[in-house]
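**Q** This one is model-v3.json, JSON, C-alpha atoms.
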```
[["chain", "number", "residue", "atom", "x", "y", "z"],
["Q", 1, "LYS", "CA", -9.61, -3.58, -42.68],
["Q", 2, "SER", "CA", -11.01, -2.14, -39.53],
["Q", 3, "LEU", "CA", -9.14, 0.54, -37.63],
["Q", 4, "TYR", "CA", -8.62, -2.01, -34.82],
["Q", 5, "TRP", "CA", -6.49, -4.28, -37.00],
["Q", 6, "GLU", "CA", -4.54, -1.40, -38.49],
["Q", 7, "ARG", "CA", -3.42, -0.47, -34.99],
["Q", 8, "LYS", "CA", -2.56, -3.98, -33.86],
["Q", 9, "MET", "CA", 0.61, -4.26, -31.80],
["Q", 10, "LYS", "CA", 3.30, -6.82, -32.45],
["Q", 11, "ILE", "CA", 3.69, -8.92, -29.28],
["Q", 12, "THR", "CA", 6.55, -11.44, -29.26],
["Q", 13, "PRO", "CA", 7.57, -13.92, -26.54],
["Q", 14, "THR", "CA", 11.25, -13.68, -25.55],
["Q", 15, "ARG", "CA", 13.53, -16.61, -24.64],
["Q", 16, "ILE", "CA", 11.46, -16.85, -21.46],
["Q", 17, "LYS", "CA", 8.01, -17.14, -23.02],
["Q", 18, "GLU", "CA", 6.14, -15.28, -20.24],
["Q", 19, "VAL", "CA", 8.27, -12.15, -20.78],
["Q", 20, "LEU", "CA", 6.91, -10.36, -23.84],
["Q", 21, "LEU", "CA", 8.41, -7.73, -26.15],
["Q", 22, "ILE", "CA", 5.69, -5.33, -27.29],
["Q", 23, "GLU", "CA", 6.12, -3.20, -30.40],
["Q", 24, "PRO", "CA", 3.29, -0.69, -30.76],
["Q", 25, "THR", "CA", 2.19, 0.40, -34.22],
["Q", 26, "VAL", "CA", 3.33, 4.00, -34.59],
["Q", 27, "HIS", "CA", 1.36, 6.37, -36.82],
["Q", 28, "GLY", "CA", 3.41, 9.41, -37.77],
["Q", 29, "ASP", "CA", 3.23, 12.42, -40.01],
["Q", 30, "ALA", "CA", 4.59, 15.97, -40.11],
["Q", 31, "ARG", "CA", 2.82, 16.76, -36.81],
["Q", 32, "GLY", "CA", 4.46, 13.95, -34.85],
["Q", 33, "PHE", "CA", 3.18, 10.49, -33.93],
["Q", 34, "PHE", "CA", 0.43, 8.54, -32.21],
["Q", 35, "MET", "CA", 0.55, 5.02, -30.75],
["Q", 36, "GLU", "CA", -1.44, 2.86, -28.37],
["Q", 37, "THR", "CA", 0.77, 1.69, -25.52],
["Q", 38, "TYR", "CA", -1.84, -0.52, -23.92],
["Q", 39, "HIS", "CA", -4.81, -2.32, -25.43],
["Q", 40, "GLN", "CA", -6.59, -4.72, -23.08],
["Q", 41, "GLN", "CA", -8.04, -6.99, -25.80],
["Q", 42, "GLN", "CA", -4.72, -7.39, -27.61],
["Q", 43, "PHE", "CA", -2.79, -7.93, -24.38],
["Q", 44, "SER", "CA", -5.27, -10.55, -23.15],
["Q", 45, "GLN", "CA", -4.73, -12.55, -26.35],
["Q", 46, "TYR", "CA", -1.16, -13.07, -25.08],
["Q", 47, "GLY", "CA", -2.13, -13.92, -21.51],
["Q", 48, "ILE", "CA", -1.68, -10.45, -20.04],
["Q", 49, "ASP", "CA", -4.90, -10.15, -18.07],
["Q", 50, "ALA", "CA", -3.43, -7.51, -15.80],
["Q", 51, "ASN", "CA", -5.25, -5.00, -13.72],
["Q", 52, "PHE", "CA", -2.81, -2.09, -13.60],
["Q", 53, "VAL", "CA", -3.08, -0.12, -10.34],
["Q", 54, "GLN", "CA", -0.03, 2.17, -10.29],
["Q", 55, "ASP", "CA", 2.10, 4.12, -12.78],
["Q", 56, "ASN", "CA", 5.74, 4.93, -11.99],
["Q", 57, "HIS", "CA", 8.15, 7.35, -13.69],
["Q", 58, "SER", "CA", 11.90, 7.46, -13.06],
["Q", 59, "GLY", "CA", 14.72, 9.54, -14.50],
["Q", 60, "SER", "CA", 18.33, 8.36, -14.46],
["Q", 61, "ALA", "CA", 21.73, 9.44, -15.75],
["Q", 62, "ARG", "CA", 23.98, 7.36, -18.03],
["Q", 63, "GLY", "CA", 25.57, 4.42, -16.23],
["Q", 64, "THR", "CA", 22.84, 4.10, -13.59],
["Q", 65, "LEU", "CA", 21.69, 0.56, -12.88],
["Q", 66, "ARG", "CA", 18.44, 0.05, -11.00],
["Q", 67, "GLY", "CA", 17.72, -3.48, -9.81],
["Q", 68, "LEU", "CA", 17.24, -6.31, -9.61],
["Q", 69, "HIS", "CA", 14.01, -5.55, -7.73],
["Q", 70, "TYR", "CA", 10.85, -7.46, -6.83],
["Q", 71, "GLN", "CA", 8.25, -7.74, -4.06],
["Q", 72, "ILE", "CA", 8.01, -11.14, -2.37],
["Q", 73, "GLN", "CA", 4.43, -10.37, -1.28],
["Q", 74, "GLN", "CA", 2.15, -8.19, -3.40],
["Q", 75, "PRO", "CA", 4.25, -9.18, -6.45],
["Q", 76, "GLN", "CA", 4.13, -6.73, -9.32],
["Q", 77, "GLY", "CA", 3.81, -7.42, -13.00],
["Q", 78, "LYS", "CA", 5.38, -4.48, -14.87],
["Q", 79, "LEU", "CA", 4.81, -2.99, -18.31],
["Q", 80, "VAL", "CA", 8.01, -1.00, -18.94],
["Q", 81, "ARG", "CA", 8.99, 1.57, -21.57],
["Q", 82, "ALA", "CA", 11.56, 4.33, -22.02],
["Q", 83, "VAL", "CA", 10.04, 7.66, -23.05],
["Q", 84, "VAL", "CA", 13.35, 9.57, -23.05],
["Q", 85, "GLY", "CA", 16.70, 8.02, -23.96],
["Q", 86, "GLU", "CA", 17.58, 4.32, -23.96],
["Q", 87, "ILE", "CA", 17.85, 1.55, -21.39],
["Q", 88, "PHE", "CA", 18.77, -2.13, -21.32],
["Q", 89, "ASP", "CA", 15.80, -3.69, -19.51],
["Q", 90, "VAL", "CA", 16.16, -7.07, -17.78],
["Q", 91, "ALA", "CA", 13.79, -9.67, -16.31],
["Q", 92, "VAL", "CA", 15.08, -12.60, -14.21],
["Q", 93, "ASP", "CA", 12.89, -15.63, -13.53],
["Q", 94, "ILE", "CA", 12.83, -16.21, -9.76],
["Q", 95, "ARG", "CA", 10.08, -18.84, -9.68],
["Q", 96, "ARG", "CA", 11.81, -21.88, -8.14],
["Q", 97, "SER", "CA", 9.48, -24.37, -9.85],
["Q", 98, "SER", "CA", 10.02, -22.83, -13.29],
["Q", 99, "PRO", "CA", 12.23, -24.59, -15.88],
["Q", 100, "THR", "CA", 13.82, -21.17, -16.54],
["Q", 101, "PHE", "CA", 14.55, -20.36, -12.86],
["Q", 102, "GLY", "CA", 17.59, -18.08, -12.60],
["Q", 103, "GLN", "CA", 17.59, -17.27, -16.32],
["Q", 104, "TRP", "CA", 17.31, -13.75, -17.69],
["Q", 105, "VAL", "CA", 16.22, -11.86, -20.79],
["Q", 106, "GLY", "CA", 17.20, -8.34, -21.76],
["Q", 107, "GLU", "CA", 15.89, -5.89, -24.35],
["Q", 108, "ASN", "CA", 16.86, -2.40, -25.43],
["Q", 109, "LEU", "CA", 13.95, -0.04, -24.86],
["Q", 110, "SER", "CA", 14.20, 3.51, -26.14],
["Q", 111, "ALA", "CA", 12.19, 6.60, -26.95],
["Q", 112, "GLU", "CA", 13.19, 5.96, -30.55],
["Q", 113, "ASN", "CA", 12.13, 2.29, -30.91],
["Q", 114, "LYS", "CA", 9.09, 2.74, -28.59],
["Q", 115, "HIS", "CA", 9.26, -0.93, -27.53],
["Q", 116, "GLN", "CA", 7.86, -2.11, -24.21],
["Q", 117, "LEU", "CA", 8.65, -5.13, -22.06],
["Q", 118, "TRP", "CA", 6.05, -7.09, -20.09],
["Q", 119, "VAL", "CA", 7.69, -8.44, -16.93],
["Q", 120, "PRO", "CA", 5.19, -10.74, -15.17],
["Q", 121, "GLU", "CA", 4.87, -11.44, -11.47],
["Q", 122, "GLY", "CA", 7.52, -13.89, -10.28],
["Q", 123, "PHE", "CA", 10.39, -12.04, -11.95],
["Q", 124, "ALA", "CA", 13.06, -9.67, -10.66],
["Q", 125, "HIS", "CA", 13.43, -6.55, -12.79],
["Q", 126, "GLY", "CA", 16.20, -4.06, -13.44],
["Q", 127, "PHE", "CA", 17.57, -1.72, -16.07],
["Q", 128, "TYR", "CA", 20.81, -0.01, -17.08],
["Q", 129, "VAL", "CA", 20.87, 3.47, -18.65],
["Q", 130, "ILE", "CA", 22.71, 3.55, -21.97],
["Q", 131, "SER", "CA", 21.91, 7.12, -23.07],
["Q", 132, "GLU", "CA", 23.04, 10.36, -21.42],
["Q", 133, "TRP", "CA", 19.67, 10.51, -19.64],
["Q", 134, "ALA", "CA", 16.66, 8.19, -19.64],
["Q", 135, "GLU", "CA", 13.13, 8.40, -18.32],
["Q", 136, "VAL", "CA", 11.26, 5.17, -17.74],
["Q", 137, "LEU", "CA", 7.52, 4.74, -17.30],
["Q", 138, "TYR", "CA", 6.05, 1.51, -16.03],
["Q", 139, "LYS", "CA", 2.65, 0.29, -15.00],
["Q", 140, "THR", "CA", 2.37, -2.19, -12.12],
["Q", 141, "THR", "CA", -0.24, -4.78, -11.21],
["Q", 142, "ASP", "CA", 0.06, -4.18, -7.46],
["Q", 143, "PHE", "CA", 0.97, -1.28, -5.22],
["Q", 144, "TYR", "CA", 4.47, -0.58, -3.95],
["Q", 145, "ALA", "CA", 5.00, -2.14, -0.51],
["Q", 146, "ARG", "CA", 8.30, -1.26, 1.15],
["Q", 147, "GLU", "CA", 8.05, -4.13, 3.67],
["Q", 148, "TRP", "CA", 7.96, -6.71, 0.83],
["Q", 149, "GLU", "CA", 10.61, -5.09, -1.35],
["Q", 150, "ARG", "CA", 13.60, -7.32, -2.15],
["Q", 151, "ALA", "CA", 16.71, -7.05, -4.35],
["Q", 152, "ILE", "CA", 19.21, -9.42, -5.94],
["Q", 153, "ARG", "CA", 22.74, -8.43, -6.97],
["Q", 154, "TRP", "CA", 22.96, -7.03, -10.48],
["Q", 155, "ASP", "CA", 26.23, -8.94, -11.05],
["Q", 156, "ASP", "CA", 25.28, -12.32, -9.53],
["Q", 157, "PRO", "CA", 27.50, -14.79, -11.43],
["Q", 158, "ARG", "CA", 24.85, -17.51, -11.20],
["Q", 159, "ILE", "CA", 22.49, -15.35, -13.25],
["Q", 160, "GLY", "CA", 25.25, -13.99, -15.53],
["Q", 161, "ILE", "CA", 23.50, -10.96, -17.03],
["Q", 162, "LYS", "CA", 25.52, -9.43, -19.86],
["Q", 163, "TRP", "CA", 24.95, -5.74, -19.06],
["Q", 164, "PRO", "CA", 26.15, -3.32, -21.79],
["Q", 165, "LEU", "CA", 28.37, -1.43, -19.33],
["Q", 166, "GLY", "CA", 30.39, 1.51, -20.61],
["Q", 167, "ASP", "CA", 33.71, 2.71, -19.22],
["Q", 168, "PRO", "CA", 34.91, 2.13, -16.59],
["Q", 169, "GLY", "CA", 32.53, -0.82, -16.36],
["Q", 170, "LYS", "CA", 31.04, -0.15, -12.93],
["Q", 171, "PRO", "CA", 27.46, 1.13, -12.85],
["Q", 172, "THR", "CA", 26.11, 3.78, -10.51],
["Q", 173, "LEU", "CA", 24.03, 1.99, -7.86],
["Q", 174, "SER", "CA", 21.85, 2.96, -4.93],
["Q", 175, "VAL", "CA", 23.07, 1.94, -1.48],
["Q", 176, "ARG", "CA", 20.33, -0.70, -1.34],
["Q", 177, "ASP", "CA", 21.31, -2.19, -4.71],
["Q", 178, "SER", "CA", 25.02, -2.20, -3.83],
["Q", 179, "GLN", "CA", 24.19, -4.23, -0.69],
["Q", 180, "ALA", "CA", 21.81, -6.70, -2.38],
["Q", 181, "GLY", "CA", 22.43, -10.41, -1.86],
["Q", 182, "TYR", "CA", 22.81, -13.29, -4.28],
["Q", 183, "LEU", "CA", 20.04, -15.37, -5.81],
["Q", 184, "ARG", "CA", 21.15, -18.43, -3.81],
["Q", 185, "ASP", "CA", 20.22, -16.59, -0.59],
["Q", 186, "ALA", "CA", 17.16, -14.71, -1.84],
["Q", 187, "GLU", "CA", 13.53, -15.22, -0.97],
["Q", 188, "VAL", "CA", 11.99, -16.41, -4.21],
["Q", 189, "PHE", "CA", 8.61, -17.55, -5.48],
["Q", 190, "ASP", "CA", 7.58, -21.24, -5.41]]
```
Starting from the file, lay out its structure as structure tokens.

**A**
Amino acid sequence: KSLYWERKMKITPTRIKEVLLIEPTVHGDARGFFMETYHQQQFSQYGIDANFVQDNHSGSARGTLRGLHYQIQQPQGKLVRAVVGEIFDVAVDIRRSSPTFGQWVGENLSAENKHQLWVPEGFAHGFYVISEWAEVLYKTTDFYAREWERAIRWDDPRIGIKWPLGDPGKPTLSVRDSQAGYLRDAEVFD
């Protein structure tokens, strides 16, 4: 076998087929590990023909919930992974013409499992921090644009996300996220 095939990632569609769970092949020994986190040829075989233009890095304490965020113009596809700790990462389909409009998928991403989630354009994204501390890296397909930034309530009953909340059951939110509106009132994609 060629080295290319030995390093092949496992890429699996989730319940919403456009959202993909990516499991890199990890090569480890006594020194540590090596893995490819992005491989254009392998990603394109699964329809990810993204041109990544920005990398973001956030750190958050246990119980922090960030989201559900999206940009109504300059929409961003996101390739998300946790490099420290563990998060529950969520994508919500907000494409009105989609048969899965308003549905969500969630995956545990951690430094230990090294999984990534591909969240395409047309989805709102958020995550909840399960570990004491988590650091999240994500690549985006367009630049951040404050004027197009939008948010949907993390606890919108129409969406019904089953967040793995710890005690006392209320996450730590930013002011913006605590004031976010419901999906029924949100600007969404056609």

**Q** Need the shell around Q:Trp148: protein/DNA/RNA residues with any atom at most 9 Å away, counting all atoms listed in the file. Skip same-chain ones fewer than 6 positions apart. Format as a PyMOL selection string?

**A** chain Q and resi 70-75

**Q** So that I can see what lies close to stretch 125-141 of chain Q, please list as an NGL selection string the residues with an atom at most 7 Å from it, counting only C-alpha atoms and leaving out residues fewer than 4 positions away in the same chain.

**A** :Q and (50-70 or 76-92)

**Q** Choose the residue, out of Q:Glu187, Q:Glu107, Q:Asp49, Q:Asp142, that has the smallest atom-to-atom separation from Q:Thr14; count all atoms listed in the file.

**A**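 Under the stated criterion, the closest residue is Q:Glu107.
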
**Q** For the atom pair atom CA of Q:Ala111 and atom CA of Q:Arg15, what is the interatomic distance in Å to one decimal place?

**A**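 Answer for the atom CA of Q:Ala111 to atom CA of Q:Arg15 separation: 23.4 Å.
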
**Q** Quick one, how far is atom CA of Q:Met9 from atom CA of Q:Ser110?

**A** 16.6 Å

**Q** Name all residues at most 9 Å from Q:Tyr38 (count only C-alpha atoms; drop same-chain ones fewer than 4 positions away) and give them as a list of chain:residue names.

**A**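 Near Q:Tyr38, the qualifying residues are Q:Pro24, Q:Gln42, Q:Phe43.
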
**Q** Mind pulling up the distance from atom CA of Q:Phe123 to atom CA of Q:Glu23?

**A**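 If I compute the distance from atom CA of Q:Glu23 to atom CA of Q:Phe123, I get 20.9 Å.
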
**Q** Would you be able to write out as a ChimeraX atom specification which residues have an atom within 10 Å of (18.8, -6.7, -3.4) in the file's coordinates, counting all atoms listed in the file?

**A** /Q:67-70,124,149-154,175-183,186

**Q** Enclose stretch 28-44 of chain Q, meaning all of its atoms listed in the file, in a box aligned along x, y and z, pad it by 6 Å on each side, and list the centre and edge lengths in Å to one decimal, as JSON.

**A**
```
{"center_x": -1.7, "center_y": 3.1, "center_z": -31.6, "size_x": 24.6, "size_y": 39.3, "size_z": 29.0}
```

**Q** Between Q:Asp29, Q:Thr37, Q:Leu20, Q:Val119, which residue has the minimum interatomic distance to Q:Lys8, considering all atoms listed in the file?

**A**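 Using all atoms listed in the file, Q:Lys8 sits closest to Q:Thr37.
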
**Q** What's the 6 Å shell around Q:Gln103, counting only C-alpha atoms, without same-chain residues fewer than 2 positions away, as JSON, numbers by chain?

**A** {"Q": [92, 93, 100, 101]}
